[in-house]
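Okay, so here's the structure we're looking at.
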Amino acid sequence: MRLVGGRILDPATRRDDIGDLWIDGDVLAEPGGADTDETILDVSGFVVAPGFIDLHCHLREPGFEDKETIATGTSAAAAGGFTTVCALADTRPSIDTGSDVESVLTQARRAALVRVLPLGTTTKRREGHELSEMADMAAAGAIAFSDSAKAVRSASLMRHALEYSLLVERPIVSHAQDPDLVDGGVMHEGPVATVLGLRGIPREAEEIAVARDLALARLTGGRLHLAHLTTSGAVDLVRQAKASAIRVSAEVTPHHLALTDSAVAGDGNARAYDTNARTDPPLRTAADARALLEGLRDGTIDCVATDHSPQRWVDKACEFEQAEPGMTALETAFGLLMRLVHAGALSLGDLIAALTLRPAHAFGLPYGALRPGASADVVVFDPDQAWVVDPERFLSKGKNSPLGGQTLRGTVLLTIAAGKVVYRNGV
Amino acid sequence: MTLQLINRGPNGVHIQPRRGRRHVLDLDDFSVEEVETVLETATRMKDVLQRPIKKVPTLRGKTLVTLFYEASTRTRVGFEVAAKALGADTVSVAAASSSVTKGESLIDTIRTLQALGADFVVMRHHQAGAPYVVAEEVASSVINAGDGWHAHPTQALLDLFTIRERLGRIGGLRVAIIGDILHSRVARSNLWGLTLMGADVVLCGPPTMLPAPSFCAAGLPWQLQRTYLLDEALDGADVVMVLRMQLERQTGGLFPSLREYVRTYALTEERLSKAKPGALVMHPGPMNEGVEIDPKVARGVQSAIEAQVTNGVAVRMALLYLLSGLPA
């Protein structure tokens, strides 16, 4: 198969030129080489990039198939331009053993449209009492360990987790948030929360936990990955930590870069108390979003990850405090991030790096580059084509997006995962 | 007869019920004119209440449902008395908050009430924003009778009515709100109402129960004074609103003891003397007499606390009338 005439943009090989991309079976090929599949797709006028990599999404299977399945979640991923997704372990049962990891991979082989890389838990059943079997899980294919929204409460156990993970050289992913300071909070603590009469979560809930985890990473030499940072103070802490050679990587979500807590008050088209704008960690302020963007630009934050969190309608059609947190994000991530590019705040090349090369590097994955011989994971998009978000048309089971009715500029046209066309929209 | 009475405003001004408003969720979307209309209509309603037969047939055939997920006496009864005085039928639903596990049941409940013919749903809920969940789901008018820490618009309207009745105006007055501001829906709705009508507001309470300084300054449509010191708040005050101190704030770590709270913030005759002579004393109820307010002050000549309750009926009658959108 050949994609001809597109602008090939690949940060890994520092390539940005018009050219043809050759695919032979499931790998990328040298131009002019053998070509078993004679298909030729004209993609002139569009951008050809490595398929996106998401280090953080919730596919909900096993256990919560009413919210999402590996089949629907990876369909959504393909529609969003993602060819590799890392699935968090907060399923039911949680992913605690090698056989749990294998069962996810088996189901992925059966049902997934794109590559699924499972995480395991840090502690058994995410209870924060005993370490999970990291060696067993790593052998089965777990790429990292995380208790997701249940931060490991005990500093001592977190220390041991970081130490023990040295055995398998896989990161511990921390949802860094001090549960005592969260104290039932449901949104960013600030004037918007005060006006709405909702209990706030101060920035310091994240910053205290980030500081703790960074100190433990220094103590142990373990590999720490900080999930979805939200505050300017957390960015500063990571910047200092990287300067002192602590082994840490960090991610930021599209929504924390592009939305603020005023979305909860219904600043878009939504009504006040928009439960779709309830996320964990919460949407913060414009100043935080600017600091996160600066962190992404200067490399303090390694990459973008979606924290795709599909929920059922009933989980959101309720009182704000009762709503499950999270938004469905795989299908809107690219368009939302393109707002930053169109606003001149981020170059297209930097954005693509944050979705390909940099997440691959953070988790040591051999993907995210358009090199001959590499897995043929490719996305083709039109950076300017606008579309209106209609959650009812999402391939994800989760329709919980605060972006419904909003226009996004930047449309995924074609996604190829391991040489197979998994999403096609107009090319 | 009543309609004519209601629609003849002061100086013969013809009062039109505002068209288009269906719900009363908070005062943040009220204009000065709309508040004026409510207060003026409430004055007429108060006349009705002072007649020997306190009943007119204006809303005959309409049904008002009070849906309360939280205990209340004066607000619920206030609405029921108001509805009955206008000839409407009332149904009272006491929903145990434990039965509310998902919003599906909240939306389902409100749709059921509508299907049963509720023209007005008066709702109290322990979670902020709950009335907003249901307001767009139904054709009935939804009136917020208190949602979590967020809003209690009819309380604020009756407070505005009481202030104007007693002091003749609202604009330019200095109003001190004392107590647990952070967790008070009464304080929030009064902030919208008082600042809209031109009063100067000073918030006073323990540092753990005041909104952050950023709330009082930039980006919001008000300029508020904020102080921890009761005497400073009372200095020059025309109106002193005292809020109920919830005892669970002590176990929540927000203040050390009732004893210390009483010493620091209780409104006594001595402390009240720091306010302007004749300053109005208000309390949304229910009071902890001897905690946030001394019984002598609560029953003293400056107290408008009982008048607030009576006025609450008139103000709620006015709102029901205006929401029903009856022809002039």
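Here's how to read the names in the structure tokens: chain A, B, ... by the order shown, residue numbers from 1 in each chain, ligand numbers from 1 in the order shown.
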
(message) With DSSP run on the backbone, what are the alpha helix (DSSP H) residues within stretch 21-181 of chain A? I'd like them as a PyMOL selection string.
(response) chain A and resi 70-79+98-111+134-140+155-164+179-181

(request) Residues of chain B near chain A: apply a cut-off of 9 Å, count only C-alpha atoms, and supply the list as number ranges by chain. (result) B: 101-107, 127-134, 136, 147-151, 182-185, 188, 211-212, 214-216, 219-220

(request) Name the residues in contact with B:Asp89 at a cut-off of 10 Å, using only C-alpha atoms, excluding same-chain residues fewer than 3 positions from it; report them as a ChimeraX atom specification. (result) /B:59-65,80,83-86,118-119

(request) Name the residues of stretch 160-211 of chain B that come out as strand (DSSP E) in a backbone DSSP run; write them as number ranges by chain. (result) B: 174-178, 200-204

How would the residues just chosen look if you wrote them out with C-alpha atoms as a PDB file, in the first residue's frame?
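The resulting selection-v8.pdb:
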ATOM      1  CA  ARG B 174     -24.187  48.636  54.535  1.00  0.00           C
ATOM      2  CA  VAL B 175     -25.130  45.016  55.164  1.00  0.00           C
ATOM      3  CA  ALA B 176     -22.984  42.794  57.378  1.00  0.00           C
ATOM      4  CA  ILE B 177     -23.379  39.032  56.942  1.00  0.00           C
ATOM      5  CA  ILE B 178     -21.983  37.184  59.948  1.00  0.00           C
ATOM      6  CA  ASP B 200     -22.477  47.391  50.255  1.00  0.00           C
ATOM      7  CA  VAL B 201     -21.818  43.974  51.691  1.00  0.00           C
ATOM      8  CA  VAL B 202     -19.286  42.997  54.319  1.00  0.00           C
ATOM      9  CA  LEU B 203     -18.676  39.320  55.038  1.00  0.00           C
ATOM     10  CA  CYS B 204     -17.521  38.346  58.500  1.00  0.00           C
TER      11      CYS B 204
END

(request) Quick one: everything within 12 Å of A:Ala333, counting only C-alpha atoms, minus sequence neighbours fewer than 2 positions away in the same chain. Send it as a VMD selection string. (result) chain A and resid 52 to 54 57 76 to 82 252 to 259 304 to 308 327 to 331 335 to 340 351 355 389 401 403 408 to 412

N, CA and C atoms of the current selection, written as a short mmCIF file (atom, residue, chain, number, x, y, z; two decimals), in the first residue's frame:
data_model
loop_
_atom_site.label_atom_id
_atom_site.label_comp_id
_atom_site.auth_asym_id
_atom_site.auth_seq_id
_atom_site.Cartn_x
_atom_site.Cartn_y
_atom_site.Cartn_z
N PHE A 52 -0.90 7.97 16.58
CA PHE A 52 -0.73 8.54 17.92
C PHE A 52 -0.66 7.45 18.98
N ILE A 53 0.01 7.79 20.06
CA ILE A 53 0.18 6.86 21.17
C ILE A 53 -0.45 7.50 22.41
N ASP A 54 -1.36 6.78 23.04
CA ASP A 54 -1.99 7.29 24.26
C ASP A 54 -1.53 6.45 25.45
N CYS A 57 -5.52 5.55 29.04
CA CYS A 57 -6.94 5.53 28.76
C CYS A 57 -7.60 4.38 29.52
N ALA A 76 -12.87 3.90 18.93
CA ALA A 76 -12.77 5.33 19.21
C ALA A 76 -11.34 5.81 19.04
N ALA A 77 -10.40 4.98 19.50
CA ALA A 77 -8.99 5.34 19.36
C ALA A 77 -8.63 5.50 17.88
N ALA A 78 -9.04 4.54 17.08
CA ALA A 78 -8.74 4.61 15.64
C ALA A 78 -9.34 5.87 15.03
N ALA A 79 -10.57 6.19 15.42
CA ALA A 79 -11.19 7.40 14.88
C ALA A 79 -10.47 8.66 15.34
N GLY A 80 -9.78 8.56 16.46
CA GLY A 80 -9.03 9.71 16.96
C GLY A 80 -7.60 9.76 16.45
N GLY A 81 -7.20 8.78 15.63
CA GLY A 81 -5.85 8.78 15.09
C GLY A 81 -4.85 8.01 15.93
N PHE A 82 -5.33 7.32 16.97
CA PHE A 82 -4.43 6.58 17.87
C PHE A 82 -4.26 5.15 17.36
N VAL A 252 0.13 15.28 30.24
CA VAL A 252 -0.94 16.25 30.45
C VAL A 252 -2.06 15.87 29.47
N THR A 253 -3.30 16.12 29.88
CA THR A 253 -4.41 15.76 29.01
C THR A 253 -4.78 16.92 28.09
N PRO A 254 -5.44 16.62 26.97
CA PRO A 254 -5.93 17.70 26.11
C PRO A 254 -6.86 18.65 26.87
N HIS A 255 -7.71 18.07 27.73
CA HIS A 255 -8.68 18.95 28.39
C HIS A 255 -8.05 19.86 29.43
N HIS A 256 -6.99 19.40 30.07
CA HIS A 256 -6.34 20.31 31.02
C HIS A 256 -5.54 21.39 30.30
N LEU A 257 -5.17 21.13 29.05
CA LEU A 257 -4.48 22.16 28.27
C LEU A 257 -5.47 23.16 27.67
N ALA A 258 -6.68 22.70 27.36
CA ALA A 258 -7.56 23.54 26.53
C ALA A 258 -8.84 24.00 27.23
N LEU A 259 -9.17 23.43 28.38
CA LEU A 259 -10.40 23.83 29.06
C LEU A 259 -10.07 24.34 30.46
N VAL A 304 1.35 14.21 25.73
CA VAL A 304 -0.09 14.33 25.95
C VAL A 304 -0.65 12.92 26.11
N ALA A 305 -1.57 12.74 27.04
CA ALA A 305 -2.31 11.49 27.18
C ALA A 305 -3.76 11.85 27.42
N THR A 306 -4.69 11.00 26.94
CA THR A 306 -6.07 11.47 26.91
C THR A 306 -6.83 11.31 28.23
N ASP A 307 -6.46 10.32 29.05
CA ASP A 307 -7.28 9.95 30.21
C ASP A 307 -8.73 9.72 29.77
N HIS A 308 -8.87 9.10 28.61
CA HIS A 308 -10.20 8.74 28.09
C HIS A 308 -10.98 7.96 29.16
N MET A 327 -14.07 12.33 31.24
CA MET A 327 -14.71 12.60 29.95
C MET A 327 -14.18 11.65 28.90
N THR A 328 -15.04 11.36 27.94
CA THR A 328 -14.62 10.52 26.83
C THR A 328 -13.78 11.42 25.92
N ALA A 329 -12.61 10.95 25.53
CA ALA A 329 -11.63 11.89 24.99
C ALA A 329 -10.90 11.45 23.73
N LEU A 330 -10.90 10.16 23.44
CA LEU A 330 -10.06 9.69 22.32
C LEU A 330 -10.44 10.35 21.00
N GLU A 331 -11.75 10.58 20.79
CA GLU A 331 -12.17 11.08 19.49
C GLU A 331 -12.08 12.59 19.36
N GLY A 335 -8.55 17.12 17.76
CA GLY A 335 -9.19 18.38 17.40
C GLY A 335 -9.06 19.43 18.49
N LEU A 336 -9.18 18.98 19.74
CA LEU A 336 -9.06 19.93 20.86
C LEU A 336 -7.62 20.46 20.95
N LEU A 337 -6.65 19.56 20.76
CA LEU A 337 -5.25 20.00 20.82
C LEU A 337 -4.91 20.94 19.66
N MET A 338 -5.58 20.73 18.53
CA MET A 338 -5.31 21.60 17.38
C MET A 338 -5.71 23.05 17.65
N ARG A 339 -6.59 23.26 18.65
CA ARG A 339 -6.88 24.64 19.06
C ARG A 339 -5.61 25.37 19.45
N LEU A 340 -4.71 24.65 20.13
CA LEU A 340 -3.46 25.27 20.57
C LEU A 340 -2.60 25.62 19.35
N LEU A 351 3.25 19.34 18.53
CA LEU A 351 2.06 18.59 18.92
C LEU A 351 2.19 17.13 18.50
N LEU A 355 2.45 13.48 20.71
CA LEU A 355 1.49 12.38 20.54
C LEU A 355 2.16 11.12 19.99
N VAL A 389 -18.64 18.70 17.14
CA VAL A 389 -18.65 17.53 18.01
C VAL A 389 -20.10 17.12 18.30
N SER A 401 -19.00 14.07 26.98
CA SER A 401 -18.04 15.09 26.57
C SER A 401 -18.65 16.47 26.77
N LEU A 403 -17.74 18.87 25.18
CA LEU A 403 -17.48 19.58 23.92
C LEU A 403 -18.62 19.47 22.93
N LEU A 408 -14.45 21.93 16.27
CA LEU A 408 -13.02 21.67 16.38
C LEU A 408 -12.43 21.72 14.97
N ARG A 409 -11.26 22.28 14.86
CA ARG A 409 -10.59 22.38 13.56
C ARG A 409 -9.41 21.43 13.56
N GLY A 410 -9.48 20.40 12.74
CA GLY A 410 -8.46 19.35 12.75
C GLY A 410 -9.18 18.02 12.72
N THR A 411 -9.11 17.33 11.57
CA THR A 411 -9.93 16.14 11.36
C THR A 411 -9.05 14.97 10.95
N VAL A 412 -9.23 13.86 11.65
CA VAL A 412 -8.53 12.62 11.29
C VAL A 412 -9.25 12.01 10.09
#

(message) Residues within 10 Å of A:Tyr164, please, as a PyMOL selection string. Count only C-alpha atoms; anything in the same chain fewer than 6 positions from it doesn't count.
(response) chain A and resi 131+133-135+158+170+172+220+222
